[in-house]
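Chemist: Please find model_0.pdb (PDB, C-alpha atoms) on the next line:
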ATOM      1  CA  ASP A  32       6.983  39.459  -7.879  1.00  0.00           C
ATOM      2  CA  PRO A  33       6.552  40.923 -11.404  1.00  0.00           C
ATOM      3  CA  ALA A  34       9.757  42.926 -10.943  1.00  0.00           C
ATOM      4  CA  LEU A  35      11.884  39.774 -10.940  1.00  0.00           C
ATOM      5  CA  ILE A  36      13.848  39.016 -14.091  1.00  0.00           C
ATOM      6  CA  PHE A  37      14.722  35.413 -14.949  1.00  0.00           C
ATOM      7  CA  SER A  38      17.627  34.563 -17.226  1.00  0.00           C
ATOM      8  CA  TRP A  39      18.322  30.942 -18.231  1.00  0.00           C
ATOM      9  CA  GLU A  40      21.488  29.369 -19.608  1.00  0.00           C
ATOM     10  CA  CYS A  41      22.186  25.837 -20.752  1.00  0.00           C
ATOM     11  CA  THR A  42      25.647  24.415 -21.300  1.00  0.00           C
ATOM     12  CA  VAL A  43      27.021  20.966 -21.954  1.00  0.00           C
ATOM     13  CA  GLU A  44      30.503  19.485 -22.079  1.00  0.00           C
ATOM     14  CA  VAL A  45      31.407  17.953 -25.437  1.00  0.00           C
ATOM     15  CA  ALA A  46      34.890  16.582 -26.156  1.00  0.00           C
ATOM     16  CA  GLY A  47      36.192  18.261 -23.014  1.00  0.00           C
ATOM     17  CA  GLN A  48      34.841  21.709 -23.906  1.00  0.00           C
ATOM     18  CA  ARG A  49      31.852  23.508 -22.387  1.00  0.00           C
ATOM     19  CA  GLN A  50      29.490  24.878 -25.021  1.00  0.00           C
ATOM     20  CA  SER A  51      25.951  26.215 -25.284  1.00  0.00           C
ATOM     21  CA  CYS A  52      23.186  23.682 -25.642  1.00  0.00           C
ATOM     22  CA  ALA A  53      21.671  22.894 -29.018  1.00  0.00           C
ATOM     23  CA  ASP A  54      18.354  21.270 -29.782  1.00  0.00           C
ATOM     24  CA  ALA A  55      17.999  17.847 -31.422  1.00  0.00           C
ATOM     25  CA  GLY A  56      18.320  19.534 -34.838  1.00  0.00           C
ATOM     26  CA  GLY A  57      21.615  21.203 -33.932  1.00  0.00           C
ATOM     27  CA  SER A  58      20.230  24.748 -33.633  1.00  0.00           C
ATOM     28  CA  PRO A  59      21.053  26.938 -30.599  1.00  0.00           C
ATOM     29  CA  MET A  60      18.477  26.388 -27.889  1.00  0.00           C
ATOM     30  CA  ALA A  61      16.281  29.439 -27.166  1.00  0.00           C
ATOM     31  CA  LEU A  62      15.363  29.708 -23.489  1.00  0.00           C
ATOM     32  CA  ALA A  63      12.469  31.969 -22.500  1.00  0.00           C
ATOM     33  CA  GLY A  64      12.942  34.354 -19.571  1.00  0.00           C
ATOM     34  CA  LEU A  65      10.119  32.904 -17.498  1.00  0.00           C
ATOM     35  CA  PRO A  66       9.977  31.600 -13.918  1.00  0.00           C
ATOM     36  CA  VAL A  67       9.299  28.089 -15.247  1.00  0.00           C
ATOM     37  CA  LEU A  68      11.459  26.719 -18.038  1.00  0.00           C
ATOM     38  CA  THR A  69       9.767  24.161 -20.277  1.00  0.00           C
ATOM     39  CA  ILE A  70      11.831  22.035 -22.660  1.00  0.00           C
ATOM     40  CA  PRO A  71       9.698  20.330 -25.350  1.00  0.00           C
ATOM     41  CA  ALA A  72       9.953  16.564 -25.698  1.00  0.00           C
ATOM     42  CA  ASN A  73      12.737  15.272 -27.979  1.00  0.00           C
ATOM     43  CA  SER A  74      14.601  18.602 -27.755  1.00  0.00           C
ATOM     44  CA  LEU A  75      17.591  17.256 -25.818  1.00  0.00           C
ATOM     45  CA  ALA A  76      19.741  14.633 -27.490  1.00  0.00           C
ATOM     46  CA  PRO A  77      21.023  11.736 -25.350  1.00  0.00           C
ATOM     47  CA  LEU A  78      24.629  12.404 -24.299  1.00  0.00           C
ATOM     48  CA  ASP A  79      27.243  10.803 -22.082  1.00  0.00           C
ATOM     49  CA  SER A  80      27.546  14.056 -20.121  1.00  0.00           C
ATOM     50  CA  ALA A  81      24.934  16.099 -18.278  1.00  0.00           C
ATOM     51  CA  TYR A  82      23.188  19.250 -19.406  1.00  0.00           C
ATOM     52  CA  HIS A  83      23.800  22.150 -16.983  1.00  0.00           C
ATOM     53  CA  PHE A  84      20.876  24.534 -16.578  1.00  0.00           C
ATOM     54  CA  LYS A  85      21.545  27.804 -14.768  1.00  0.00           C
ATOM     55  CA  VAL A  86      18.949  30.377 -13.806  1.00  0.00           C
ATOM     56  CA  THR A  87      19.838  33.872 -12.645  1.00  0.00           C
ATOM     57  CA  VAL A  88      17.181  35.902 -10.847  1.00  0.00           C
ATOM     58  CA  SER A  89      17.682  39.654 -10.698  1.00  0.00           C
ATOM     59  CA  LYS A  90      15.806  42.757  -9.576  1.00  0.00           C
ATOM     60  CA  ALA A  91      16.672  46.408  -9.801  1.00  0.00           C
ATOM     61  CA  GLY A  92      18.762  47.499  -6.847  1.00  0.00           C
ATOM     62  CA  ARG A  93      19.350  43.913  -5.647  1.00  0.00           C
ATOM     63  CA  ILE A  94      22.247  41.461  -6.005  1.00  0.00           C
ATOM     64  CA  PRO A  95      21.401  38.763  -8.600  1.00  0.00           C
ATOM     65  CA  GLN A  96      21.130  35.178  -7.355  1.00  0.00           C
ATOM     66  CA  SER A  97      21.872  32.048  -9.402  1.00  0.00           C
ATOM     67  CA  SER A  98      21.156  28.337  -9.150  1.00  0.00           C
ATOM     68  CA  THR A  99      22.336  25.449 -11.307  1.00  0.00           C
ATOM     69  CA  THR A 100      20.972  21.955 -11.834  1.00  0.00           C
ATOM     70  CA  GLN A 101      22.046  19.048 -14.011  1.00  0.00           C
ATOM     71  CA  VAL A 102      19.868  17.013 -16.357  1.00  0.00           C
ATOM     72  CA  VAL A 103      20.985  13.670 -17.782  1.00  0.00           C
ATOM     73  CA  VAL A 104      19.247  12.436 -20.928  1.00  0.00           C
ATOM     74  CA  ARG A 105      19.511   8.709 -21.510  1.00  0.00           C
ATOM     75  CA  GLU A 106      18.210   6.558 -24.329  1.00  0.00           C
ATOM     76  CA  VAL A 107      17.207   3.192 -22.882  1.00  0.00           C
ATOM     77  CA  PRO A 108      14.847   0.463 -24.120  1.00  0.00           C
ATOM     78  CA  ILE A 109      11.508   0.496 -22.325  1.00  0.00           C
ATOM     79  CA  PRO A 110      10.447  -3.116 -21.721  1.00  0.00           C
ATOM     80  CA  THR A 111       7.178  -4.391 -23.125  1.00  0.00           C
ATOM     81  CA  ALA A 112       4.934  -6.925 -21.359  1.00  0.00           C
ATOM     82  CA  SER A 113       2.629  -9.417 -23.040  1.00  0.00           C
ATOM     83  CA  MET A 114       0.340 -12.095 -21.599  1.00  0.00           C
ATOM     84  CA  SER A 115      -1.993 -14.744 -22.993  1.00  0.00           C
ATOM     85  CA  THR A 116      -4.364 -17.482 -21.833  1.00  0.00           C
ATOM     86  CA  ASP A 117      -6.232 -20.469 -23.275  1.00  0.00           C
ATOM     87  CA  HIS A 118      -9.325 -19.725 -21.168  1.00  0.00           C
ATOM     88  CA  THR A 119     -12.507 -18.331 -22.709  1.00  0.00           C
ATOM     89  CA  VAL A 120     -12.230 -14.604 -23.486  1.00  0.00           C
ATOM     90  CA  ASP A 121     -15.333 -12.611 -24.451  1.00  0.00           C
ATOM     91  CA  ALA A 122     -15.551  -9.647 -26.825  1.00  0.00           C
ATOM     92  CA  SER A 123     -14.748  -7.173 -24.036  1.00  0.00           C
ATOM     93  CA  GLY A 124     -11.566  -9.050 -23.105  1.00  0.00           C
ATOM     94  CA  LEU A 125     -13.022 -10.596 -19.921  1.00  0.00           C
ATOM     95  CA  VAL A 126     -11.558 -14.020 -19.097  1.00  0.00           C
ATOM     96  CA  THR A 127     -14.025 -16.511 -17.568  1.00  0.00           C
ATOM     97  CA  ILE A 128     -13.231 -19.797 -15.821  1.00  0.00           C
ATOM     98  CA  ASN A 129     -15.150 -22.424 -13.872  1.00  0.00           C
ATOM     99  CA  ILE A 130     -14.708 -22.761 -10.126  1.00  0.00           C
ATOM    100  CA  ASP A 131     -13.025 -26.168 -10.517  1.00  0.00           C
ATOM    101  CA  GLU A 132     -10.453 -24.880 -13.033  1.00  0.00           C
ATOM    102  CA  ARG A 133      -6.958 -23.579 -12.430  1.00  0.00           C
ATOM    103  CA  LEU A 134      -6.311 -20.068 -13.729  1.00  0.00           C
ATOM    104  CA  ILE A 135      -3.353 -20.133 -16.128  1.00  0.00           C
ATOM    105  CA  PHE A 136      -1.611 -17.249 -17.890  1.00  0.00           C
ATOM    106  CA  ALA A 137       1.599 -17.194 -19.905  1.00  0.00           C
ATOM    107  CA  GLY A 138       3.680 -14.017 -20.000  1.00  0.00           C
ATOM    108  CA  SER A 139       6.863 -12.627 -21.466  1.00  0.00           C
ATOM    109  CA  CYS A 140       9.015  -9.488 -21.369  1.00  0.00           C
ATOM    110  CA  ASP A 141      10.945  -7.867 -24.195  1.00  0.00           C
ATOM    111  CA  PRO A 142      13.868  -7.631 -23.754  1.00  0.00           C
ATOM    112  CA  ALA A 143      14.199 -10.941 -21.959  1.00  0.00           C
ATOM    113  CA  ALA A 144      16.615  -9.362 -19.469  1.00  0.00           C
ATOM    114  CA  ALA A 145      13.674  -7.626 -17.788  1.00  0.00           C
ATOM    115  CA  THR A 146      12.281  -9.179 -14.606  1.00  0.00           C
ATOM    116  CA  LEU A 147       8.704 -10.441 -14.374  1.00  0.00           C
ATOM    117  CA  GLN A 148       6.249  -9.840 -11.546  1.00  0.00           C
ATOM    118  CA  TRP A 149       2.668 -11.173 -11.451  1.00  0.00           C
ATOM    119  CA  ASP A 150      -0.044  -9.669  -9.249  1.00  0.00           C
ATOM    120  CA  MET A 151      -3.748 -10.353  -8.807  1.00  0.00           C
ATOM    121  CA  TRP A 152      -6.533  -8.614  -6.860  1.00  0.00           C
ATOM    122  CA  SER A 153     -10.239  -7.798  -6.817  1.00  0.00           C
ATOM    123  CA  GLU A 154     -12.566  -5.512  -4.867  1.00  0.00           C
ATOM    124  CA  LEU A 155     -13.712  -8.421  -2.694  1.00  0.00           C
ATOM    125  CA  ASP A 156     -10.292 -10.059  -2.471  1.00  0.00           C
ATOM    126  CA  SER A 157      -7.639  -7.330  -2.355  1.00  0.00           C
ATOM    127  CA  THR A 158      -4.821  -9.581  -1.094  1.00  0.00           C
ATOM    128  CA  PRO A 159      -5.203 -13.155  -2.415  1.00  0.00           C
ATOM    129  CA  ASP A 160      -3.167 -15.840  -0.656  1.00  0.00           C
ATOM    130  CA  PRO A 161       0.104 -16.211  -2.651  1.00  0.00           C
ATOM    131  CA  SER A 162       0.399 -19.834  -1.518  1.00  0.00           C
ATOM    132  CA  ASN A 163      -2.236 -20.563  -4.191  1.00  0.00           C
ATOM    133  CA  TYR A 164       0.226 -19.505  -6.923  1.00  0.00           C
ATOM    134  CA  ALA A 165       1.718 -22.811  -8.026  1.00  0.00           C
ATOM    135  CA  LEU A 166       4.832 -21.309  -9.672  1.00  0.00           C
ATOM    136  CA  GLY A 167       5.117 -18.139  -7.611  1.00  0.00           C
ATOM    137  CA  GLN A 168       4.970 -14.631  -9.039  1.00  0.00           C
ATOM    138  CA  GLN A 169       8.242 -14.389 -11.005  1.00  0.00           C
ATOM    139  CA  SER A 170       7.784 -17.268 -13.457  1.00  0.00           C
ATOM    140  CA  GLU A 171       6.801 -16.920 -17.117  1.00  0.00           C
ATOM    141  CA  ASN A 172       3.663 -18.927 -16.285  1.00  0.00           C
ATOM    142  CA  PHE A 173       1.197 -17.742 -13.651  1.00  0.00           C
ATOM    143  CA  ILE A 174      -0.971 -20.541 -12.244  1.00  0.00           C
ATOM    144  CA  VAL A 175      -3.636 -20.073  -9.566  1.00  0.00           C
ATOM    145  CA  ALA A 176      -5.062 -23.133  -7.813  1.00  0.00           C
ATOM    146  CA  ALA A 177      -8.646 -24.181  -8.505  1.00  0.00           C
ATOM    147  CA  GLY A 178     -11.074 -22.836  -5.924  1.00  0.00           C
ATOM    148  CA  ALA A 179      -8.807 -19.941  -4.911  1.00  0.00           C
ATOM    149  CA  LEU A 180     -10.909 -17.199  -6.518  1.00  0.00           C
ATOM    150  CA  VAL A 181     -13.847 -15.648  -4.669  1.00  0.00           C
ATOM    151  CA  SER A 182     -17.151 -16.230  -6.460  1.00  0.00           C
ATOM    152  CA  GLY A 183     -18.765 -13.039  -7.722  1.00  0.00           C
ATOM    153  CA  SER A 184     -15.453 -11.149  -7.900  1.00  0.00           C
ATOM    154  CA  THR A 185     -13.871  -9.752 -11.033  1.00  0.00           C
ATOM    155  CA  TYR A 186     -10.097 -10.036 -10.655  1.00  0.00           C
ATOM    156  CA  THR A 187      -7.344  -8.043 -12.308  1.00  0.00           C
ATOM    157  CA  VAL A 188      -4.291 -10.104 -13.254  1.00  0.00           C
ATOM    158  CA  ARG A 189      -1.256  -7.950 -14.056  1.00  0.00           C
ATOM    159  CA  LEU A 190       2.179  -8.749 -15.439  1.00  0.00           C
ATOM    160  CA  GLN A 191       4.890  -6.134 -14.832  1.00  0.00           C
ATOM    161  CA  CYS A 192       8.223  -6.109 -16.662  1.00  0.00           C
ATOM    162  CA  THR A 193      11.049  -4.067 -15.122  1.00  0.00           C
ATOM    163  CA  LEU A 194      14.420  -3.197 -16.604  1.00  0.00           C
ATOM    164  CA  GLU A 195      17.084  -1.489 -14.488  1.00  0.00           C
ATOM    165  CA  ASP A 196      19.282   1.288 -15.871  1.00  0.00           C
ATOM    166  CA  PRO A 197      22.734   0.412 -14.428  1.00  0.00           C
ATOM    167  CA  LEU A 198      24.100   3.922 -14.939  1.00  0.00           C
ATOM    168  CA  LEU A 199      21.320   5.896 -13.238  1.00  0.00           C
ATOM    169  CA  ASP A 200      19.998   3.069 -11.041  1.00  0.00           C
ATOM    170  CA  VAL A 201      16.490   3.844 -12.295  1.00  0.00           C
ATOM    171  CA  PRO A 202      13.867   1.159 -13.033  1.00  0.00           C
ATOM    172  CA  TYR A 203      11.816   1.276 -16.253  1.00  0.00           C
ATOM    173  CA  THR A 204       8.526  -0.598 -16.024  1.00  0.00           C
ATOM    174  CA  SER A 205       5.681  -1.561 -18.323  1.00  0.00           C
ATOM    175  CA  SER A 206       2.686  -3.783 -17.673  1.00  0.00           C
ATOM    176  CA  ALA A 207      -0.129  -5.787 -19.261  1.00  0.00           C
ATOM    177  CA  GLN A 208      -3.285  -6.905 -17.518  1.00  0.00           C
ATOM    178  CA  SER A 209      -6.493  -8.904 -17.946  1.00  0.00           C
ATOM    179  CA  ARG A 210      -9.789  -9.147 -16.065  1.00  0.00           C
ATOM    180  CA  VAL A 211     -10.909 -12.557 -14.814  1.00  0.00           C
ATOM    181  CA  ARG A 212     -14.280 -13.705 -13.458  1.00  0.00           C
ATOM    182  CA  LEU A 213     -15.602 -17.021 -12.217  1.00  0.00           C
ATOM    183  CA  ASN A 214     -18.515 -18.483 -14.145  1.00  0.00           C
ATOM    184  CA  GLN A 215     -21.585 -18.372 -11.917  1.00  0.00           C
ATOM    185  CA  PRO A 216     -23.029 -21.840 -11.101  1.00  0.00           C
ATOM    186  CA  PRO A 217     -26.502 -22.655 -12.498  1.00  0.00           C
ATOM    187  CA  THR A 218     -29.462 -22.185 -10.127  1.00  0.00           C
ATOM    188  CA  GLY A 219     -33.225 -22.616  -9.940  1.00  0.00           C
ATOM    189  CA  GLY A 220     -33.601 -25.980 -11.660  1.00  0.00           C
ATOM    190  CA  GLN A 221     -34.239 -29.587 -10.792  1.00  0.00           C
ATOM    191  CA  CYS A 222     -33.415 -33.029 -12.105  1.00  0.00           C
ATOM    192  CA  SER A 223     -35.556 -36.192 -12.100  1.00  0.00           C
ATOM    193  CA  LEU A 224     -35.087 -39.885 -12.846  1.00  0.00           C
ATOM    194  CA  CYS A 225     -37.922 -42.048 -14.144  1.00  0.00           C
ATOM    195  CA  LYS A 226     -38.644 -45.439 -15.715  1.00  0.00           C
ATOM    196  CA  GLU A 227     -40.117 -45.437 -19.195  1.00  0.00           C
ATOM    197  CA  GLU A 228     -43.236 -47.556 -19.640  1.00  0.00           C
ATOM    198  CA  GLY A 229     -44.957 -46.957 -22.958  1.00  0.00           C
ATOM    199  CA  THR A 230     -45.808 -43.293 -23.248  1.00  0.00           C
ATOM    200  CA  GLN A 231     -45.331 -42.751 -19.539  1.00  0.00           C
ATOM    201  CA  CYS A 232     -42.253 -42.168 -17.437  1.00  0.00           C
ATOM    202  CA  LEU A 233     -42.794 -43.299 -13.856  1.00  0.00           C
ATOM    203  CA  PRO A 234     -40.763 -41.811 -10.998  1.00  0.00           C
ATOM    204  CA  ILE A 235     -38.064 -44.246  -9.897  1.00  0.00           C
ATOM    205  CA  LYS A 236     -39.028 -43.950  -6.238  1.00  0.00           C
ATOM    206  CA  ASP A 237     -42.443 -45.453  -7.033  1.00  0.00           C
ATOM    207  CA  VAL A 238     -41.359 -48.432  -9.180  1.00  0.00           C
ATOM    208  CA  SER A 239     -38.725 -51.151  -9.201  1.00  0.00           C
ATOM    209  CA  ILE A 240     -35.967 -51.231 -11.801  1.00  0.00           C
ATOM    210  CA  GLU A 241     -34.888 -54.406 -13.582  1.00  0.00           C
ATOM    211  CA  PHE A 242     -32.036 -55.105 -15.956  1.00  0.00           C
ATOM    212  CA  GLY A 243     -32.991 -53.964 -19.432  1.00  0.00           C
ATOM    213  CA  ASN A 244     -35.460 -51.321 -18.309  1.00  0.00           C
ATOM    214  CA  SER A 245     -35.226 -47.935 -19.979  1.00  0.00           C
ATOM    215  CA  ILE A 246     -34.762 -45.009 -17.648  1.00  0.00           C
ATOM    216  CA  ARG A 247     -34.741 -41.280 -18.281  1.00  0.00           C
ATOM    217  CA  PHE A 248     -32.678 -38.714 -16.440  1.00  0.00           C
ATOM    218  CA  GLU A 249     -33.704 -35.147 -17.264  1.00  0.00           C
ATOM    219  CA  CYS A 250     -33.049 -31.668 -15.925  1.00  0.00           C
ATOM    220  CA  SER A 251     -35.046 -28.502 -16.436  1.00  0.00           C
ATOM    221  CA  GLY A 252     -35.340 -24.944 -15.142  1.00  0.00           C
ATOM    222  CA  TRP A 253     -31.610 -24.332 -14.677  1.00  0.00           C
ATOM    223  CA  SER A 254     -30.275 -20.885 -15.552  1.00  0.00           C
ATOM    224  CA  SER A 255     -27.047 -18.913 -15.297  1.00  0.00           C
ATOM    225  CA  GLU A 256     -25.776 -15.562 -16.515  1.00  0.00           C
ATOM    226  CA  ASP A 257     -22.932 -17.521 -18.098  1.00  0.00           C
ATOM    227  CA  ALA A 258     -24.912 -19.251 -20.853  1.00  0.00           C
ATOM    228  CA  PRO A 259     -25.036 -21.587 -22.683  1.00  0.00           C
ATOM    229  CA  LEU A 260     -25.292 -24.420 -20.170  1.00  0.00           C
ATOM    230  CA  SER A 261     -23.994 -27.936 -20.785  1.00  0.00           C
ATOM    231  CA  TYR A 262     -25.110 -31.098 -18.996  1.00  0.00           C
ATOM    232  CA  THR A 263     -23.159 -34.209 -18.057  1.00  0.00           C
ATOM    233  CA  PHE A 264     -24.964 -37.344 -16.879  1.00  0.00           C
ATOM    234  CA  GLY A 265     -23.472 -40.411 -15.235  1.00  0.00           C
ATOM    235  CA  SER A 266     -24.229 -43.410 -13.051  1.00  0.00           C
ATOM    236  CA  SER A 267     -22.474 -45.375 -10.341  1.00  0.00           C
TER     237      SER A 267
END
Could the structure of this file be written out as structure tokens, please?
Modeler:
Amino acid sequence: DPALIFSWECTVEVAGQRQSCADAGGSPMALAGLPVLTIPANSLAPLDSAYHFKVTVSKAGRIPQSSTTQVVVREVPIPTASMSTDHTVDASGLVTINIDERLIFAGSCDPAAATLQWDMWSELDSTPDPSNYALGQQSENFIVAAGALVSGSTYTVRLQCTLEDPLLDVPYTSSAQSRVRLNQPPTGGQCSLCKEEGTQCLPIKDVSIEFGNSIRFECSGWSSEDAPLSYTFGSS
């Protein structure tokens, strides 16, 4: 209704006396006569007492109506969260691990009084089994058992730090997070074992092997999106 008139007041109790509100610079606070009152950031100084905002709505020929609300401004430290890992991290920040590796992150909150909470999820694995978290989800170290991650999924690992305001019973939270993906296993190749005789290398299945013979074990054709590949050979 354009005929409505809005009048705002702000008062605060200082040293036992009620006085008009001032901005952070100490100047009287100017309050626009609009239906919605907007107070710019950093305009209200933190105080032990509440700011009292009163709006009076009037219209010609009608009895004015008023409403009051209280605003408490507190200055509290917002916790910061940080996390790190010794796993391989590419230029985009993506962490990659092998399927037989444990996933390990270290985290911390500042201030140390804040509580830690680790979480992990992916599009293909929205609720991973928490029994795979060796130290739980409230420790400074977050360890996930080898083989627990779903191949082909990109996981988000998040550390949240929460600090409670004892006066207002309000939690203040910050977080840090990283993306994690399993290295894809190599595919498409083959390996062969042969006995060297001169310039030839004869397949082992076709010849007998004696002590002192030279043999060759070679692999070719293997590929993976997680290059470069490394090879480990052994015997038993």
Chemist: Between atom CA of Gln169 of chain A and atom CA of Thr146 of chain A, what distance in Å does the model show, to one decimal?
Modeler: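 Interatomic distance, atom CA of Gln169 of chain A to atom CA of Thr146 of chain A: 7.5 Å.
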Chemist: Give me the result of the PyMOL selection byres ((chain A and resi 83) around 9) on this file, residue by residue, as a list in words.
Modeler: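 So the PyMOL selection byres ((chain A and resi 83) around 9) ends up selecting Glu40, Cys41, Thr42, Val43, Glu44, Cys52, Ala81, Tyr82, Phe84, Lys85, Thr99, Thr100, Gln101, Val102 and Val103 of chain A.
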Chemist: Mind telling me what the PyMOL selection byres ((chain A and resi 128) around 10) catches here, as an mmCIF file with C-alpha atoms, in the coordinates of the input?
Modeler:
data_model
loop_
_atom_site.group_PDB
_atom_site.id
_atom_site.type_symbol
_atom_site.label_atom_id
_atom_site.label_comp_id
_atom_site.auth_asym_id
_atom_site.auth_seq_id
_atom_site.Cartn_x
_atom_site.Cartn_y
_atom_site.Cartn_z
ATOM 1 C CA HIS A 118 -9.325 -19.725 -21.168
ATOM 2 C CA THR A 119 -12.507 -18.331 -22.709
ATOM 3 C CA VAL A 120 -12.230 -14.604 -23.486
ATOM 4 C CA VAL A 126 -11.558 -14.020 -19.097
ATOM 5 C CA THR A 127 -14.025 -16.511 -17.568
ATOM 6 C CA ASN A 129 -15.150 -22.424 -13.872
ATOM 7 C CA ILE A 130 -14.708 -22.761 -10.126
ATOM 8 C CA ASP A 131 -13.025 -26.168 -10.517
ATOM 9 C CA GLU A 132 -10.453 -24.880 -13.033
ATOM 10 C CA ARG A 133 -6.958 -23.579 -12.430
ATOM 11 C CA LEU A 134 -6.311 -20.068 -13.729
ATOM 12 C CA ILE A 135 -3.353 -20.133 -16.128
ATOM 13 C CA ALA A 177 -8.646 -24.181 -8.505
ATOM 14 C CA LEU A 180 -10.909 -17.199 -6.518
ATOM 15 C CA VAL A 211 -10.909 -12.557 -14.814
ATOM 16 C CA ARG A 212 -14.280 -13.705 -13.458
ATOM 17 C CA LEU A 213 -15.602 -17.021 -12.217
ATOM 18 C CA ASN A 214 -18.515 -18.483 -14.145
ATOM 19 C CA GLN A 215 -21.585 -18.372 -11.917
#
Chemist: Would you compute the distance between atom CA of Ala72 of chain A and atom CA of Ala55 of chain A? Give it in Å to one decimal.
Modeler: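 The value is 10.0 Å.
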Chemist: Which residue is closest to Pro71 of chain A? Choose from A:Ala144, A:Ser255, A:Pro59, A:Asp54 and count all atoms listed in the file.
Modeler: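 Closest to Pro71 of chain A of all the choices is A:Asp54.
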Chemist: Given the file shown, determine the residues that the PyMOL selection byres ((chain A and resi 234) around 12) selects; report them as a list of chain:residue names.
Modeler: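 Written out, the selection comes to A:Cys222, A:Ser223, A:Leu224, A:Cys225, A:Lys226, A:Glu227, A:Glu228, A:Gln231, A:Cys232, A:Leu233, A:Ile235, A:Lys236, A:Asp237, A:Val238, A:Ser239, A:Ile240, A:Ile246, A:Arg247, A:Phe248, A:Glu249.
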Chemist: Point out the residue among A:Ser38, A:Ser182, A:Asn244, A:Ser115 with the least atom-to-atom distance to Val86 of chain A, counting all atoms listed in the file.
Modeler: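 Result for the nearest residue to Val86 of chain A: A:Ser38.
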Chemist: So, counting only C-alpha atoms, which residue among A:Pro66, A:Ala179, A:Pro110, A:Leu147 is closest to Ser162 of chain A?
Modeler: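 Using only C-alpha atoms, Ser162 of chain A sits closest to A:Ala179.
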Chemist: Dig up all the protein and nucleic acid residues within 12 Å of (-26.1, -30.8, -20.6) in the file frame, using only C-alpha atoms, and format them as an mmCIF file with C-alpha atoms, in the frame of the given file.
Modeler:
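Ended up saving to out.cif:
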data_model
loop_
_atom_site.group_PDB
_atom_site.id
_atom_site.type_symbol
_atom_site.label_atom_id
_atom_site.label_comp_id
_atom_site.auth_asym_id
_atom_site.auth_seq_id
_atom_site.Cartn_x
_atom_site.Cartn_y
_atom_site.Cartn_z
ATOM 1 C CA PRO A 217 -26.502 -22.655 -12.498
ATOM 2 C CA CYS A 222 -33.415 -33.029 -12.105
ATOM 3 C CA PHE A 248 -32.678 -38.714 -16.440
ATOM 4 C CA GLU A 249 -33.704 -35.147 -17.264
ATOM 5 C CA CYS A 250 -33.049 -31.668 -15.925
ATOM 6 C CA SER A 251 -35.046 -28.502 -16.436
ATOM 7 C CA TRP A 253 -31.610 -24.332 -14.677
ATOM 8 C CA SER A 254 -30.275 -20.885 -15.552
ATOM 9 C CA ALA A 258 -24.912 -19.251 -20.853
ATOM 10 C CA PRO A 259 -25.036 -21.587 -22.683
ATOM 11 C CA LEU A 260 -25.292 -24.420 -20.170
ATOM 12 C CA SER A 261 -23.994 -27.936 -20.785
ATOM 13 C CA TYR A 262 -25.110 -31.098 -18.996
ATOM 14 C CA THR A 263 -23.159 -34.209 -18.057
ATOM 15 C CA PHE A 264 -24.964 -37.344 -16.879
ATOM 16 C CA GLY A 265 -23.472 -40.411 -15.235
#
Chemist: Would you list the residues near (8.4, -18.3, -19.9), meaning any protein, DNA or RNA residue with an atom at most 9 Å from that point in file coordinates, counting all atoms listed in the file, as a PDB file with C-alpha atoms, keeping the file's coordinate frame?
Modeler:
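Done, and the output landed in result_36.pdb:
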ATOM      1  CA  ALA A 137       1.599 -17.194 -19.905  1.00  0.00           C
ATOM      2  CA  GLY A 138       3.680 -14.017 -20.000  1.00  0.00           C
ATOM      3  CA  SER A 139       6.863 -12.627 -21.466  1.00  0.00           C
ATOM      4  CA  CYS A 140       9.015  -9.488 -21.369  1.00  0.00           C
ATOM      5  CA  SER A 170       7.784 -17.268 -13.457  1.00  0.00           C
ATOM      6  CA  GLU A 171       6.801 -16.920 -17.117  1.00  0.00           C
ATOM      7  CA  ASN A 172       3.663 -18.927 -16.285  1.00  0.00           C
TER       8      ASN A 172
END
Chemist: Which is closest to Ser205 of chain A among A:Pro161, A:Gly229, A:Ser80, A:Gln191, if we use all atoms listed in the file?
Modeler: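 Comparing A:Pro161, A:Gly229, A:Ser80, A:Gln191 against Ser205 of chain A, the winner is A:Gln191.
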Chemist: Could you give me, as a list in words, the residues within 10 Å of Phe173 of chain A, counting only C-alpha atoms and dropping anything in the same chain fewer than 6 positions from it?
Modeler: Met114, Thr116, Leu134, Ile135, Phe136, Ala137, Gly138, Gln148, Trp149, Asp150, Tyr164, Ala165, Leu166, Gly167, Val188 and Leu190 of chain A
